[in-house]
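As provided, model.txt (compact mmCIF, C-alpha atoms) reads as follows.
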# COMPACT_ATOMS: atom_id res chain seq x y z
CA MET A 1163 -100.99 215.60 29.91
CA ALA A 1164 -103.39 214.27 32.53
CA LYS A 1165 -102.35 210.94 33.93
CA THR A 1166 -105.32 208.59 33.87
CA PRO A 1167 -105.41 205.13 35.44
CA GLU A 1168 -104.76 203.63 32.00
CA SER A 1169 -101.51 205.55 31.64
CA VAL A 1170 -100.27 203.93 34.85
CA TYR A 1171 -100.53 200.56 33.10
CA GLN A 1172 -98.94 202.06 29.99
CA GLU A 1173 -96.02 203.07 32.19
CA MET A 1174 -95.69 199.49 33.38
CA LEU A 1175 -96.13 197.79 30.00
CA LYS A 1176 -93.58 199.93 28.17
CA GLY A 1177 -90.77 198.49 30.31
CA ILE A 1178 -91.69 194.93 29.46
CA TRP A 1179 -91.72 195.18 25.68
CA ARG A 1180 -91.30 198.49 23.84
CA ASP A 1181 -88.52 199.95 26.03
CA ASN A 1182 -87.19 196.62 27.28
CA PRO A 1183 -84.10 197.53 29.34
CA VAL A 1184 -81.93 194.76 27.89
CA PHE A 1185 -83.07 194.18 24.32
CA VAL A 1186 -83.81 197.80 23.41
CA GLN A 1187 -81.78 200.00 25.77
CA VAL A 1188 -78.87 197.55 26.31
CA LEU A 1189 -78.53 198.32 30.03
CA GLY A 1190 -77.50 196.09 32.92
CA MET A 1191 -75.35 193.81 30.82
CA CYS A 1192 -72.98 192.54 33.51
CA PRO A 1193 -75.43 190.47 35.62
CA MET A 1194 -77.37 189.71 32.45
CA LEU A 1195 -74.55 187.68 30.93
CA ALA A 1196 -72.80 186.44 34.04
CA VAL A 1197 -75.59 184.54 35.80
CA THR A 1198 -77.68 183.27 32.90
CA ASN A 1199 -75.98 179.89 32.55
CA SER A 1200 -79.13 178.28 33.98
CA ALA A 1201 -82.76 179.30 34.20
CA VAL A 1202 -82.88 178.98 38.00
CA ASN A 1203 -79.95 181.39 38.48
CA ALA A 1204 -81.54 183.78 36.00
CA LEU A 1205 -84.83 183.68 37.93
CA ALA A 1206 -83.09 184.33 41.27
CA MET A 1207 -81.09 187.25 39.86
CA GLY A 1208 -84.22 188.65 38.20
CA LEU A 1209 -86.21 188.55 41.44
CA ALA A 1210 -83.35 190.09 43.46
CA THR A 1211 -83.04 192.93 40.93
CA PHE A 1212 -86.84 193.31 40.99
CA PHE A 1213 -86.80 193.84 44.76
CA VAL A 1214 -83.89 196.31 44.65
CA LEU A 1215 -85.29 198.34 41.74
CA VAL A 1216 -88.84 198.61 43.10
CA GLY A 1217 -87.61 199.34 46.65
CA SER A 1218 -85.17 202.02 45.67
CA SER A 1219 -87.58 203.64 43.19
CA LEU A 1220 -90.17 203.85 45.96
CA LEU A 1221 -87.71 205.43 48.40
CA VAL A 1222 -86.11 207.80 45.90
CA SER A 1223 -89.51 208.96 44.68
CA MET A 1224 -90.69 209.54 48.26
CA MET A 1225 -87.56 211.52 49.15
CA ARG A 1226 -87.15 213.35 45.83
CA LYS A 1227 -88.05 216.74 47.34
CA TRP A 1228 -85.45 216.46 50.13
CA ILE A 1229 -82.41 215.19 48.23
CA PRO A 1230 -80.21 218.15 47.18
CA LYS A 1231 -79.31 218.17 43.49
CA GLN A 1232 -75.54 218.22 44.00
CA VAL A 1233 -75.37 214.97 45.95
CA ARG A 1234 -78.24 213.11 44.28
CA ILE A 1235 -76.16 210.43 42.55
CA SER A 1236 -74.36 209.50 45.77
CA SER A 1237 -77.67 209.47 47.64
CA TYR A 1238 -79.23 207.13 45.06
CA ILE A 1239 -76.21 204.83 45.20
CA ILE A 1240 -76.38 204.61 48.99
CA ILE A 1241 -80.12 203.84 48.86
CA ILE A 1242 -79.50 201.15 46.23
CA ALA A 1243 -76.58 199.67 48.19
CA THR A 1244 -78.82 199.45 51.29
CA PHE A 1245 -81.45 197.43 49.43
CA VAL A 1246 -78.77 195.20 47.90
CA THR A 1247 -77.35 194.51 51.38
CA ILE A 1248 -80.85 193.52 52.56
CA ILE A 1249 -81.39 191.07 49.68
CA ASP A 1250 -77.83 189.74 50.05
CA TYR A 1251 -78.38 188.79 53.70
CA THR A 1252 -81.93 187.51 53.01
CA LEU A 1253 -80.73 185.14 50.29
CA LEU A 1254 -77.84 183.99 52.48
CA ALA A 1255 -80.30 183.11 55.26
CA LEU A 1256 -83.10 181.56 53.17
CA PHE A 1257 -81.40 180.05 50.09
CA PRO A 1258 -77.69 179.52 50.86
CA LYS A 1259 -77.24 177.30 47.77
CA ILE A 1260 -78.42 179.95 45.32
CA HIS A 1261 -76.48 182.62 47.21
CA LYS A 1262 -73.33 180.54 46.76
CA GLU A 1263 -73.93 180.05 43.03
CA LEU A 1264 -74.58 183.72 42.31
CA GLY A 1265 -71.61 184.62 44.52
CA ALA A 1266 -70.17 188.06 43.96
CA PHE A 1267 -72.89 188.97 41.47
CA ILE A 1268 -75.47 189.77 44.18
CA PRO A 1269 -73.41 192.66 45.64
CA LEU A 1270 -72.71 193.70 42.06
CA ILE A 1271 -76.42 194.51 41.56
CA THR A 1272 -75.38 197.85 43.10
CA ALA A 1273 -73.37 198.70 40.00
CA ASN A 1274 -76.18 197.70 37.60
CA CYS A 1275 -76.58 200.82 35.47
CA LEU A 1276 -80.26 199.97 34.83
CA ILE A 1277 -81.16 200.67 38.48
CA LEU A 1278 -79.25 203.95 38.80
CA GLY A 1279 -80.54 204.97 35.38
CA ARG A 1280 -84.20 204.54 36.41
CA GLN A 1281 -83.65 206.61 39.60
CA GLU A 1282 -82.03 209.43 37.67
CA ALA A 1283 -84.37 209.36 34.67
CA PHE A 1284 -87.72 208.53 36.25
CA ALA A 1285 -88.13 208.03 40.01
CA SER A 1286 -86.57 211.39 40.93
CA ARG A 1287 -89.11 213.25 38.76
CA ASN A 1288 -92.38 211.40 39.25
CA SER A 1289 -94.89 210.67 41.99
CA VAL A 1290 -94.60 207.49 44.04
CA ARG A 1291 -97.36 205.64 42.16
CA PHE A 1292 -95.80 206.20 38.74
CA ALA A 1293 -92.26 205.55 39.95
CA VAL A 1294 -93.26 202.17 41.41
CA MET A 1295 -95.21 201.20 38.28
CA ASP A 1296 -92.26 202.15 36.09
CA ALA A 1297 -89.89 200.16 38.32
CA VAL A 1298 -92.22 197.12 38.20
CA GLY A 1299 -92.33 197.32 34.39
CA MET A 1300 -88.58 197.77 33.94
CA ALA A 1301 -87.74 195.04 36.45
CA GLY A 1302 -90.32 192.80 34.77
CA GLY A 1303 -88.68 193.43 31.41
CA PHE A 1304 -85.28 192.67 32.91
CA LEU A 1305 -86.60 189.43 34.45
CA PHE A 1306 -88.13 188.45 31.09
CA ALA A 1307 -84.81 189.06 29.32
CA LEU A 1308 -82.86 187.12 31.96
CA LEU A 1309 -85.25 184.17 31.67
CA ALA A 1310 -85.11 184.20 27.86
CA LEU A 1311 -81.31 184.16 27.86
CA GLY A 1312 -81.01 181.69 30.76
CA GLY A 1313 -83.60 179.38 29.20
CA VAL A 1314 -81.92 179.31 25.78
CA ARG A 1315 -78.47 178.75 27.28
CA GLU A 1316 -79.62 175.97 29.60
CA ILE A 1317 -81.60 174.17 26.88
CA LEU A 1318 -78.68 174.24 24.44
CA GLY A 1319 -75.89 173.82 26.97
CA GLU A 1320 -77.34 171.09 29.16
CA GLY A 1321 -80.45 169.89 27.34
CA ALA A 1322 -82.56 170.84 30.35
CA LEU A 1323 -84.83 173.61 31.61
CA PHE A 1324 -85.02 174.47 35.33
CA GLY A 1325 -82.97 171.31 35.90
CA VAL A 1326 -85.51 169.03 34.16
CA SER A 1327 -83.96 167.06 31.31
CA LEU A 1328 -85.74 167.67 28.02
CA PHE A 1329 -84.17 165.51 25.33
CA GLY A 1330 -83.18 162.33 27.12
CA PRO A 1331 -79.71 160.82 27.48
CA ASN A 1332 -78.84 160.88 23.76
CA PHE A 1333 -78.59 164.69 23.63
CA GLU A 1334 -75.06 165.96 23.11
CA PRO A 1335 -74.90 169.25 25.06
CA TRP A 1336 -73.22 172.33 23.61
CA ILE A 1337 -70.90 172.99 26.53
CA ILE A 1338 -69.89 176.32 24.95
CA MET A 1339 -73.36 177.74 25.59
CA ILE A 1340 -73.05 177.64 29.39
CA LEU A 1341 -69.48 179.01 29.24
CA PRO A 1342 -68.82 182.77 28.90
CA PRO A 1343 -68.67 182.90 25.04
CA GLY A 1344 -72.16 181.36 24.88
CA GLY A 1345 -73.52 184.34 26.81
CA PHE A 1346 -72.14 186.86 24.34
CA LEU A 1347 -73.23 184.85 21.31
CA THR A 1348 -76.77 184.12 22.56
CA LEU A 1349 -77.42 187.75 23.50
CA GLY A 1350 -75.97 188.88 20.17
CA LEU A 1351 -78.33 186.58 18.28
CA ILE A 1352 -81.35 187.60 20.38
CA LEU A 1353 -80.59 191.28 19.69
CA LEU A 1354 -80.28 190.45 16.01
CA PHE A 1355 -83.71 188.82 16.12
CA PHE A 1356 -85.13 191.92 17.88
CA ASN A 1357 -83.61 194.18 15.19
CA TRP A 1358 -85.16 191.99 12.51
CA VAL A 1359 -88.64 192.10 14.09
CA THR A 1360 -88.43 195.90 14.46
CA GLU A 1361 -87.27 196.27 10.86
CA LYS A 1362 -90.15 194.08 9.56
CA HIS A 1363 -92.62 196.06 11.64
CA LYS A 1364 -91.33 199.36 10.22
CA GLU A 1365 -91.49 198.04 6.66
CA ALA A 1366 -95.08 196.92 7.17
CA GLN A 1367 -96.02 200.36 8.46
CA MET A 1368 -94.30 202.09 5.54
CA ARG A 1369 -96.25 199.92 3.12
CA LEU A 1370 -99.52 200.89 4.80
CA LEU A 1371 -98.69 204.59 4.49
CA GLN A 1372 -97.83 204.44 0.80
CA PRO A 1373 -100.65 204.89 -1.74
CA ALA A 1374 -101.88 201.75 -3.50
CA GLU A 1375 -100.64 202.59 -7.02
CA GLU A 1376 -97.06 203.08 -5.83
CA ARG A 1377 -97.15 199.72 -4.12
CA SER A 1378 -98.14 197.90 -7.32
CA SER A 1379 -95.42 199.49 -9.45
CA MET F 914 -35.64 188.87 48.62
CA MET F 915 -38.71 187.04 47.40
CA THR F 916 -38.70 183.27 47.49
CA ASP F 917 -39.43 181.25 44.39
CA ALA F 918 -42.78 179.96 45.64
CA ALA F 919 -43.98 183.45 46.58
CA PHE F 920 -42.95 184.80 43.17
CA GLN F 921 -44.82 181.99 41.43
CA HIS F 922 -47.91 182.70 43.53
CA PHE F 923 -47.87 186.39 42.57
CA LEU F 924 -47.28 185.52 38.91
CA TRP F 925 -50.23 183.13 39.07
CA ILE F 926 -52.55 185.84 40.46
CA PHE F 927 -51.37 188.30 37.79
CA ILE F 928 -51.66 185.98 34.76
CA SER F 929 -54.96 184.60 36.03
CA ALA F 930 -56.54 188.06 36.27
CA LEU F 931 -54.92 189.19 32.99
CA LEU F 932 -55.78 186.26 30.70
CA VAL F 933 -57.45 183.18 32.13
CA ASN F 934 -60.12 184.92 34.22
CA ASN F 935 -60.15 188.12 32.20
CA PHE F 936 -62.58 190.53 33.89
CA VAL F 937 -64.40 191.45 30.70
CA LEU F 938 -64.38 188.26 28.67
CA ALA F 939 -64.78 185.64 31.44
CA TYR F 940 -66.54 187.49 34.30
CA PHE F 941 -68.52 190.01 32.19
CA LEU F 942 -67.42 192.93 34.39
CA GLY F 943 -67.07 196.39 32.90
CA LEU F 944 -69.18 195.58 29.86
CA CYS F 945 -70.69 199.07 29.57
CA PRO F 946 -67.41 200.82 28.66
CA PHE F 947 -66.33 197.70 26.76
CA LEU F 948 -69.31 198.00 24.42
CA GLY F 949 -69.75 201.77 24.68
CA VAL F 950 -66.34 203.35 24.20
CA SER F 951 -64.43 200.74 22.22
CA GLY F 952 -64.94 202.62 18.96
CA LYS F 953 -61.42 204.07 18.74
CA LEU F 954 -58.03 202.67 19.75
CA GLU F 955 -56.74 205.98 21.15
CA THR F 956 -59.59 206.62 23.62
CA SER F 957 -59.77 202.94 24.56
CA PHE F 958 -56.13 203.00 25.63
CA ARG F 959 -56.57 206.15 27.74
CA LEU F 960 -59.71 204.78 29.38
CA GLY F 961 -57.91 201.51 30.10
CA LEU F 962 -55.06 203.34 31.83
CA ALA F 963 -57.41 205.52 33.92
CA THR F 964 -59.43 202.47 34.95
CA THR F 965 -56.29 200.55 35.93
CA PHE F 966 -55.24 203.48 38.09
CA VAL F 967 -58.62 203.60 39.86
CA LEU F 968 -58.52 199.80 40.29
CA ILE F 969 -55.18 199.99 42.11
CA ILE F 970 -56.32 202.81 44.42
CA THR F 971 -59.57 200.93 45.12
CA ALA F 972 -57.66 197.74 45.92
CA ILE F 973 -55.59 199.65 48.50
CA CYS F 974 -58.67 201.33 50.03
CA ALA F 975 -60.62 198.07 50.13
CA TRP F 976 -57.75 196.35 51.89
CA ILE F 977 -57.54 199.13 54.51
CA LEU F 978 -61.32 198.98 55.07
CA ASN F 979 -61.31 195.18 55.31
CA THR F 980 -58.47 195.12 57.80
CA TYR F 981 -59.35 197.98 60.12
CA VAL F 982 -63.02 198.92 59.81
CA LEU F 983 -65.21 196.13 58.48
CA PRO F 984 -64.47 193.39 61.07
CA HIS F 985 -66.59 195.53 63.43
CA ALA F 986 -69.49 196.00 61.02
CA PRO F 987 -69.56 193.46 58.16
CA TYR F 988 -73.02 194.52 56.96
CA LEU F 989 -71.60 197.92 55.96
CA ARG F 990 -69.22 196.32 53.46
CA LEU F 991 -71.09 197.12 50.26
CA ILE F 992 -72.12 200.64 51.27
CA SER F 993 -68.62 201.60 52.40
CA PHE F 994 -67.04 200.18 49.23
CA ILE F 995 -69.32 202.09 46.92
CA VAL F 996 -68.88 205.34 48.87
CA VAL F 997 -65.09 204.91 48.82
CA ILE F 998 -65.09 204.22 45.06
CA ALA F 999 -67.26 207.25 44.33
CA SER F 1000 -65.04 209.52 46.41
CA VAL F 1001 -61.80 208.12 44.97
CA VAL F 1002 -63.02 208.78 41.45
CA GLN F 1003 -64.12 212.29 42.43
CA PHE F 1004 -60.76 212.94 44.11
CA ILE F 1005 -58.74 211.68 41.13
CA GLU F 1006 -60.84 213.82 38.83
CA MET F 1007 -60.00 216.94 40.86
CA LEU F 1008 -56.34 215.93 41.11
CA ILE F 1009 -55.91 215.39 37.36
CA LYS F 1010 -57.76 218.62 36.62
CA LYS F 1011 -55.34 220.51 38.87
CA LEU F 1012 -52.11 218.79 37.80
CA SER F 1013 -52.66 218.19 34.09
CA PRO F 1014 -55.55 220.00 32.41
CA ALA F 1015 -54.56 218.50 29.03
CA LEU F 1016 -55.00 214.92 30.26
CA PHE F 1017 -58.24 215.93 31.98
CA ARG F 1018 -59.66 217.23 28.72
CA SER F 1019 -58.66 214.15 26.76
CA LEU F 1020 -60.34 211.81 29.28
CA GLY F 1021 -63.48 213.94 29.39
CA ILE F 1022 -66.69 212.19 30.37
CA PHE F 1023 -64.98 208.80 30.87
CA LEU F 1024 -63.53 209.78 34.24
CA PRO F 1025 -66.77 210.19 36.22
CA LEU F 1026 -68.25 207.16 34.43
CA ILE F 1027 -65.61 204.94 36.01
CA THR F 1028 -67.69 205.02 39.22
CA THR F 1029 -70.44 202.92 37.64
CA ASN F 1030 -67.98 200.47 36.09
CA CYS F 1031 -68.80 197.21 37.83
CA ALA F 1032 -65.22 196.00 37.35
CA ILE F 1033 -64.15 198.34 40.17
CA LEU F 1034 -66.72 197.12 42.70
CA GLY F 1035 -66.17 193.57 41.42
CA LEU F 1036 -62.45 193.81 42.14
CA ALA F 1037 -63.06 194.99 45.71
CA ILE F 1038 -65.55 192.15 46.33
CA PHE F 1039 -63.41 189.43 44.74
CA ALA F 1040 -60.33 190.54 46.69
CA THR F 1041 -62.40 190.43 49.90
CA ASN F 1042 -63.90 187.00 49.20
CA ARG F 1043 -60.48 185.52 48.42
CA GLU F 1044 -58.93 187.20 51.50
CA TYR F 1045 -55.99 188.64 49.58
CA SER F 1046 -53.11 190.26 51.46
CA PHE F 1047 -51.99 193.83 50.71
CA ALA F 1048 -49.40 192.82 48.08
CA GLU F 1049 -51.74 190.24 46.54
CA SER F 1050 -54.51 192.84 46.19
CA ILE F 1051 -52.22 195.21 44.30
CA ILE F 1052 -50.98 192.47 41.94
CA PHE F 1053 -54.60 191.39 41.40
CA ALA F 1054 -55.60 194.99 40.57
CA LEU F 1055 -52.69 195.33 38.13
CA GLY F 1056 -53.66 192.10 36.37
CA ALA F 1057 -57.34 193.01 36.24
CA GLY F 1058 -56.58 196.51 34.90
CA GLY F 1059 -54.18 195.07 32.32
CA GLY F 1060 -56.79 192.52 31.28
CA PHE F 1061 -59.47 195.22 30.96
CA THR F 1062 -57.15 197.39 28.84
CA LEU F 1063 -56.17 194.41 26.68
CA ALA F 1064 -59.78 193.41 26.01
CA LEU F 1065 -60.73 197.02 25.25
CA LEU F 1066 -57.80 197.44 22.82
CA LEU F 1067 -58.53 194.16 21.01
CA MET F 1068 -62.19 195.09 20.68
CA ALA F 1069 -61.37 198.63 19.45
CA GLY F 1070 -58.92 197.26 16.89
CA LEU F 1071 -61.47 194.79 15.54
CA ARG F 1072 -64.18 197.43 15.40
CA GLU F 1073 -61.95 199.89 13.54
CA GLU F 1074 -61.26 197.18 10.96
CA SER F 1075 -64.92 196.26 10.65
CA GLU F 1076 -65.81 199.87 9.81
CA LEU F 1077 -64.15 199.35 6.43
CA SER F 1078 -65.79 196.04 5.64
CA ASP F 1079 -69.21 195.42 4.19
CA VAL F 1080 -71.43 194.44 7.13
CA PRO F 1081 -75.22 194.15 6.54
CA THR F 1082 -77.00 197.12 8.15
CA LEU F 1083 -79.33 194.84 10.10
CA ILE F 1084 -76.50 193.34 12.13
CA ARG F 1085 -74.55 196.59 12.71
CA GLY F 1086 -74.44 197.95 16.26
CA THR F 1087 -74.65 196.09 19.53
CA ALA F 1088 -75.55 192.69 18.08
CA PHE F 1089 -72.40 192.74 15.94
CA ASN F 1090 -70.20 193.87 18.84
CA LEU F 1091 -71.58 191.12 21.08
CA ILE F 1092 -70.85 188.44 18.48
CA ILE F 1093 -67.27 189.77 18.11
CA ALA F 1094 -66.97 189.70 21.90
CA GLY F 1095 -68.20 186.10 21.93
CA ILE F 1096 -65.49 185.06 19.48
CA LEU F 1097 -62.84 186.97 21.48
CA SER F 1098 -64.07 185.28 24.65
CA MET F 1099 -63.75 181.89 22.97
CA ALA F 1100 -60.16 182.72 22.05
CA PHE F 1101 -59.40 183.72 25.65
CA MET F 1102 -60.79 180.40 26.90
CA GLY F 1103 -57.76 178.81 25.28
CA PHE F 1104 -55.65 180.34 28.06
CA ALA F 1105 -57.40 178.11 30.60
CA GLY F 1106 -54.94 175.39 29.60
CA LEU F 1107 -52.07 177.46 31.07
CA PHE F 1108 -52.67 176.23 34.60
CA SER F 1109 -53.91 172.69 34.06
CA SER F 1110 -50.73 171.04 35.32
As structure tokens, please, write out the structure in this file.
Amino acid sequence: MAKTPESVYQEMLKGIWRDNPVFVQVLGMCPMLAVTNSAVNALAMGLATFFVLVGSSLLVSMMRKWIPKQVRISSYIIIIATFVTIIDYTLLALFPKIHKELGAFIPLITANCLILGRQEAFASRNSVRFAVMDAVGMAGGFLFALLALGGVREILGEGALFGVSLFGPNFEPWIIMILPPGGFLTLGLILLFFNWVTEKHKEAQMRLLQPAEERSS
Amino acid sequence: MMTDAAFQHFLWIFISALLVNNFVLAYFLGLCPFLGVSGKLETSFRLGLATTFVLIITAICAWILNTYVLPHAPYLRLISFIVVIASVVQFIEMLIKKLSPALFRSLGIFLPLITTNCAILGLAIFATNREYSFAESIIFALGAGGGFTLALLLMAGLREESELSDVPTLIRGTAFNLIIAGILSMAFMGFAGLFSS
């Protein structure tokens, strides 16, 4: 199949919605749940992951002809760990407060299976342009999922969004939502919602395919 | 002979990693195997044991690296940890294959997958940040491994039970497992009261 300019955008868009890494593929769960107790933390983690994923996809795709097959996983991991070290030190220098709040979860980006998965499944087999577009889409989808989860948890758990109070002083916060169980429950419910939307969509398509007389009976 | 205070300190590290700050249910580390391979009690238990073993070896290696190598080059911390973990897992895989082919077959694909378990890297980083001594690191690894195994076993038990019950098809799968995990996590939060005094 010839790859036209449109298919480059297709490559990017699929990561954001149809193949969303979190809601559809259920990858990268550890940082997903651990740092989404507020929208700001979620945004910082999303951007850090964005940088690491795009950077390592670019490098892996550029070097894909020189990396021997037997040691490819170790090579990818070392490339990823290098980018994580860069972002770790950058955050420490520029935003020490956020770095302190995310704590050990910045180095743990290395072990995010989403990033290694994209290198193995996509960047090592495609040209630089497509690999970067795919990484942008996947990282964008990850950022979107982080923000959705972080936003819901902060609104319910503290009655605020990005630190701005929404409901005034009378709001009784659900403390449980910013604690660990809230992460599991919120993601579970969001996945349930995604399942429901997909199911409805499928049903609608089935109805379109069926002949009219069958539908009326 | 260990003094009373030292014993209490070690017990605190162990219980804290095992229950109060359970790696899976409070820190969200090692979620991939927790959600992926918790279908059966038998395999969960084996995977838990293998992970605990790797955790202990990693704790020892991380301590050696932290004490002798990394003071000279702190920026290499992450890269050296991940390389050490990958090689330890590879080495253990070869060792088990040589010594006990039966065990090797029963662990199967789970062995190499331990490398990408973030609980292992998480343990090395937490132990470094808290500046644990050699003995403390090993106790911490034991507690964390025990906690991981415990969470995996509880989850597997619940999932085996739920197979027999009438769950709507829409909720089956990951959404259901996450909601179970949320309830488990809530139960584990009760342990936080252990150390309030």
Using all atoms listed in the file, find which residues of chain F lie within 8 Å of chain A and jot them down as a PDB file with C-alpha atoms, in the coordinates of the input.
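See result05.pdb below for the written result:
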ATOM      1  CA  LEU F 938     -64.380 188.260  28.670  1.00  0.00           C
ATOM      2  CA  ALA F 939     -64.780 185.640  31.440  1.00  0.00           C
ATOM      3  CA  TYR F 940     -66.540 187.490  34.300  1.00  0.00           C
ATOM      4  CA  PHE F 941     -68.520 190.010  32.190  1.00  0.00           C
ATOM      5  CA  LEU F 942     -67.420 192.930  34.390  1.00  0.00           C
ATOM      6  CA  GLY F 943     -67.070 196.390  32.900  1.00  0.00           C
ATOM      7  CA  LEU F 944     -69.180 195.580  29.860  1.00  0.00           C
ATOM      8  CA  CYS F 945     -70.690 199.070  29.570  1.00  0.00           C
ATOM      9  CA  TYR F 988     -73.020 194.520  56.960  1.00  0.00           C
ATOM     10  CA  LEU F 991     -71.090 197.120  50.260  1.00  0.00           C
ATOM     11  CA  ILE F 992     -72.120 200.640  51.270  1.00  0.00           C
ATOM     12  CA  ILE F 995     -69.320 202.090  46.920  1.00  0.00           C
ATOM     13  CA  VAL F 996     -68.880 205.340  48.870  1.00  0.00           C
ATOM     14  CA  ALA F 999     -67.260 207.250  44.330  1.00  0.00           C
ATOM     15  CA  THR F1029     -70.440 202.920  37.640  1.00  0.00           C
ATOM     16  CA  ASN F1030     -67.980 200.470  36.090  1.00  0.00           C
ATOM     17  CA  CYS F1031     -68.800 197.210  37.830  1.00  0.00           C
ATOM     18  CA  LEU F1034     -66.720 197.120  42.700  1.00  0.00           C
ATOM     19  CA  GLY F1035     -66.170 193.570  41.420  1.00  0.00           C
ATOM     20  CA  ILE F1038     -65.550 192.150  46.330  1.00  0.00           C
ATOM     21  CA  PHE F1039     -63.410 189.430  44.740  1.00  0.00           C
ATOM     22  CA  LEU F1083     -79.330 194.840  10.100  1.00  0.00           C
ATOM     23  CA  ILE F1084     -76.500 193.340  12.130  1.00  0.00           C
ATOM     24  CA  THR F1087     -74.650 196.090  19.530  1.00  0.00           C
ATOM     25  CA  ALA F1088     -75.550 192.690  18.080  1.00  0.00           C
ATOM     26  CA  PHE F1089     -72.400 192.740  15.940  1.00  0.00           C
ATOM     27  CA  ASN F1090     -70.200 193.870  18.840  1.00  0.00           C
ATOM     28  CA  LEU F1091     -71.580 191.120  21.080  1.00  0.00           C
ATOM     29  CA  ILE F1092     -70.850 188.440  18.480  1.00  0.00           C
ATOM     30  CA  ALA F1094     -66.970 189.700  21.900  1.00  0.00           C
ATOM     31  CA  GLY F1095     -68.200 186.100  21.930  1.00  0.00           C
ATOM     32  CA  ILE F1096     -65.490 185.060  19.480  1.00  0.00           C
ATOM     33  CA  LEU F1097     -62.840 186.970  21.480  1.00  0.00           C
ATOM     34  CA  SER F1098     -64.070 185.280  24.650  1.00  0.00           C
ATOM     35  CA  MET F1099     -63.750 181.890  22.970  1.00  0.00           C
TER      36      MET F1099
END
Would you compute the distance between CA of Leu1309 in chain A and CA of Gly1208 in chain A? Give it in Å to one decimal.
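These two atoms are separated by 8.0 Å.
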Measure the distance from CA of Gln1232 in chain A to CA of Gln1187 in chain A in Å and round it to one decimal.
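These atoms are spaced 26.5 Å apart.
CA of Ala1206 in chain A lies 14.8 Å from CA of Glu1316 in chain A.
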Of the candidates F:Ile1093, F:Ala919, F:Ala1040, F:Val1002, which shows the shortest atom-to-atom distance to Phe966 in chain F, using all atoms listed in the file?
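Nearest candidate to Phe966 in chain F out of F:Ile1093, F:Ala919, F:Ala1040, F:Val1002: F:Val1002.
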Among the residues F:Ala975, F:Leu962, F:Leu1067, F:Leu954, the one that comes closest to Leu1036 in chain F [using only C-alpha atoms]:
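Using only C-alpha atoms, the shortest distance to Leu1036 in chain F belongs to F:Ala975.
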What's around Val1222 in chain A at 8 Å? Count all atoms listed in the file, leave out sequence neighbours fewer than 2 positions away in its own chain, and write the answer as a PDB file with C-alpha atoms, in the frame of the given file.
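Saved the output as out-v3.pdb:
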ATOM      1  CA  SER A1218     -85.170 202.020  45.670  1.00  0.00           C
ATOM      2  CA  SER A1219     -87.580 203.640  43.190  1.00  0.00           C
ATOM      3  CA  LEU A1220     -90.170 203.850  45.960  1.00  0.00           C
ATOM      4  CA  MET A1224     -90.690 209.540  48.260  1.00  0.00           C
ATOM      5  CA  MET A1225     -87.560 211.520  49.150  1.00  0.00           C
ATOM      6  CA  ARG A1226     -87.150 213.350  45.830  1.00  0.00           C
ATOM      7  CA  TYR A1238     -79.230 207.130  45.060  1.00  0.00           C
ATOM      8  CA  ILE A1241     -80.120 203.840  48.860  1.00  0.00           C
ATOM      9  CA  GLN A1281     -83.650 206.610  39.600  1.00  0.00           C
ATOM     10  CA  ALA A1285     -88.130 208.030  40.010  1.00  0.00           C
ATOM     11  CA  SER A1286     -86.570 211.390  40.930  1.00  0.00           C
TER      12      SER A1286
END
For each of A:Leu1253, A:Ala1322, A:Val1359, A:Ile1337, take the minimum atom-to-atom distance to Val1186 in chain A, counting only C-alpha atoms, then give the residue where this is smallest.
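Closest residue, counting only C-alpha atoms: A:Val1359.
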Select, from F:Ala1032, F:Ala1100, F:Met1068, F:Leu989, the residue with the minimum atom-to-atom distance to Lys953 in chain F, counting all atoms listed in the file.
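Answer, going by the shortest atom-to-atom distance: F:Met1068.
Residue nearest Phe958 in chain F within the list F:Ala986, F:Ile928, F:Ile1009, F:Thr1062: F:Thr1062 [criterion: smallest interatomic distance, all atoms listed in the file].
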Smallest atom-to-atom distance to Gly1086 in chain F: which of F:Leu948, F:Val937, F:Ile969, F:Leu1066, using only C-alpha atoms?
F:Leu948
Excluding range 1299-1305 of chain A and its own-chain neighbours fewer than 5 positions away, which residues fall within 6 Å of it when counting only C-alpha atoms? Please give them as a compact mmCIF listing (two decimals) with C-alpha atoms, in the frame of the given file.
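Contents of the output file result_8.txt:
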# COMPACT_ATOMS: atom_id res chain seq x y z
CA MET A 1174 -95.69 199.49 33.38
CA LEU A 1175 -96.13 197.79 30.00
CA GLY A 1177 -90.77 198.49 30.31
CA ILE A 1178 -91.69 194.93 29.46
CA ASN A 1182 -87.19 196.62 27.28
CA GLY A 1208 -84.22 188.65 38.20
CA PHE A 1212 -86.84 193.31 40.99
